[in-house]
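Student: I have a structure I would like to understand better, so I am pasting it below and will then ask my questions one at a time.
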Amino acid sequence: MKRKGVFKNMLLTLVAIIVIVIIYFVQPYSPIKSEFNKAVLKTTDIMMLNEDVFTEKDIENLPLPVQKYFRTCGYIGTPKMSYMVATHKNVDFSTGINKPTLKIEYKQVNFVKEPVRYAFIDSSMFGIPFQGFDSYTNGVGSMKGVVAKAITLFNQRGKEMDKACLVTVLSECLIVPNIALQDYIKWEEIDNTHAKATISYYGITASGIFSFAENGEMRSFTTNDRMAVDFNGNSAQVPWSAVCDNYKGVNGLRVPTSLKAIWHYSEGEQVYFDGNSVDIKYIK
């Protein structure tokens, strides 16, 4: 009888632990999501909102394909944004070559006055929550991943990450086009469908090439200034591209709805971010 009682107590304890774990997993609160929300709120609280509009004078010194982009996508005469909030749904996210691909929700916030960018990843691995927080602020970049809301899988920092995050800001500057007009970005014309951009901030410089379609839509950004870092912390210098497609009209503007991020390894391309549903909101 005594042994049965001990077994019963052990079983009840195990059930209680399982119930607690399940409740913890399904509850909406997440420490890393809270960290993301606080970082965004802190930045928005101290910023001055913009009341200007895009004009022809703003773009007169930009390379011709960049000027055409502003006109084609309808930005001239519209309010200049202070920041952008983009929400990506049902994204295919590769965790590495020959490794699993996850379905993720991805929310990013890009600010204009200074190159500040935050992004939050929400997903699961084998039913266990997997979440990530990418941050670039005050010249410092980081990429943190957490499983089960509490176990840090990786937390990457350092000079390579600082530069990688800065060049990511550059790659998205035409999706948040007020960024493209800031003094920390310099432009060089290449031809009718290509332009080079260089971003410099906090002593770090990175550059890349933008490619445009004949109709003026931006199609891709390619750089050699972003280091590929895997979940194990291994890094390699690999060409990287961000690709835009499927432009649609949203509130009078033409914005891309298909966005991909690609590593161009010598053994082949790895499309590690493949999203076809993004909601872009500009805040003045």
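Residue numbering restarts at 1 in every chain; chains get A, B, ... in the order shown in the structure tokens, and ligands count up from 1 in that same order.
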DSSP on the backbone: which residues in segment 156-224 of chain A end up as strand (DSSP E or B)? Give the answer as a PyMOL selection string.
Tutor: chain A and resi 156+185-191+194-201+204-212+218-223
Student: I'd like the neighbourhood of segment 28-45 of chain A as an MDAnalysis selection string, where a residue qualifies if any of its atoms comes within 9 Å (using only C-alpha atoms), though same-chain residues fewer than 5 positions away should be ignored.
Tutor: chainID A and resid 83 109 111 116:122 131:135 144:146 149:150
Student: Excluding Gly158 of chain A and any residue of its chain fewer than 6 positions from it, enumerate the residues within 10 Å of it, using only C-alpha atoms, and give them as a PyMOL selection string.
Tutor: chain A and resi 140-142+164
Student: Could you tell me which of A:Thr205, A:Met84, A:Glu269, A:Phe130 comes closest to Glu105 of chain A if we count only C-alpha atoms?
Tutor: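 Smallest distance to Glu105 of chain A is found for A:Phe130.
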Student: Which of these, A:Phe273, A:Tyr282, A:Trp187, A:Tyr136, has the shortest distance to Asn61 of chain A once you count only C-alpha atoms?
Tutor: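 Of A:Phe273, A:Tyr282, A:Trp187, A:Tyr136, the one nearest Asn61 of chain A, counting only C-alpha atoms, is A:Trp187.
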Student: Of the candidates A:Ile104, A:Ile46, A:Val238, A:Val112, which one gets nearest to Ser124 of chain A if we count only C-alpha atoms?
Tutor: A:Ile104
Student: Identify, on the basis of only C-alpha atoms, every residue whose closest approach to segment 248-261 of chain A does not exceed 8 Å; exclude the query and any residue fewer than 6 positions from it along the same chain; express the result as a list in words.
Tutor: Thr72, Cys73, Gly74, Tyr75, Ile175, Trp240, Ser241, Ala242, Val271, Tyr272, Phe273, Asp274, Gly275, Asn276, Ser277, Val278 and Asp279 of chain A
Student: Would you please work out which residue, of A:Tyr247, A:Trp263, A:Phe221, A:Tyr106, is nearest to Leu174 of chain A when using only C-alpha atoms?
Tutor: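 When distances to Leu174 of chain A are compared using only C-alpha atoms, the smallest one comes from A:Phe221.
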Student: Using only C-alpha atoms, determine which residues lie at most 7 Å from Pro129 of chain A, disregarding the query and same-chain residues fewer than 4 positions distant; provide the list as a list in words.
Tutor: Phe25, Ser123, Ser124, Met125, Val147, Ala148 and Lys149 of chain A
Student: Identify, on the basis of only C-alpha atoms, every residue whose closest approach to Asn98 of chain A does not exceed 12 Å; exclude the query and any residue fewer than 3 positions from it along the same chain; express the result as number ranges by chain.
Tutor: A: 94-95, 101, 268, 270-272
Student: Can you write just those residues out, N, CA and C atoms, as a PDB file, in the first residue's frame?
Tutor:
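Result went into again.pdb, see below:
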ATOM      1  N   SER A  94      14.415  28.882 -43.310  1.00  0.00           N
ATOM      2  CA  SER A  94      15.347  27.765 -43.239  1.00  0.00           C
ATOM      3  C   SER A  94      16.328  27.971 -42.086  1.00  0.00           C
ATOM      4  N   THR A  95      16.553  26.930 -41.311  1.00  0.00           N
ATOM      5  CA  THR A  95      17.496  27.012 -40.193  1.00  0.00           C
ATOM      6  C   THR A  95      18.921  26.642 -40.600  1.00  0.00           C
ATOM      7  N   THR A 101      13.074  23.491 -42.202  1.00  0.00           N
ATOM      8  CA  THR A 101      12.473  24.779 -42.545  1.00  0.00           C
ATOM      9  C   THR A 101      11.253  24.978 -41.661  1.00  0.00           C
ATOM     10  N   GLY A 268      25.668  26.436 -53.956  1.00  0.00           N
ATOM     11  CA  GLY A 268      24.297  26.722 -54.374  1.00  0.00           C
ATOM     12  C   GLY A 268      23.627  27.751 -53.482  1.00  0.00           C
ATOM     13  N   GLN A 270      20.878  29.388 -50.954  1.00  0.00           N
ATOM     14  CA  GLN A 270      19.996  29.018 -49.846  1.00  0.00           C
ATOM     15  C   GLN A 270      19.016  30.156 -49.607  1.00  0.00           C
ATOM     16  N   VAL A 271      17.759  29.925 -49.996  1.00  0.00           N
ATOM     17  CA  VAL A 271      16.697  30.884 -49.698  1.00  0.00           C
ATOM     18  C   VAL A 271      16.240  30.598 -48.276  1.00  0.00           C
ATOM     19  N   TYR A 272      16.680  31.430 -47.320  1.00  0.00           N
ATOM     20  CA  TYR A 272      16.372  31.110 -45.921  1.00  0.00           C
ATOM     21  C   TYR A 272      15.186  31.886 -45.384  1.00  0.00           C
TER      22      TYR A 272
END
Student: Contacts of Thr193 of chain A at 6 Å or less, counting only C-alpha atoms, minus same-chain residues fewer than 6 places along, as a PyMOL selection string?
Tutor: chain A and resi 65+211-212
Student: When you draw a straight line from atom CA of Gln237 of chain A to atom CA of Val169 of chain A, how long is it in Å?
Tutor: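 These atoms are spaced 18.4 Å apart.
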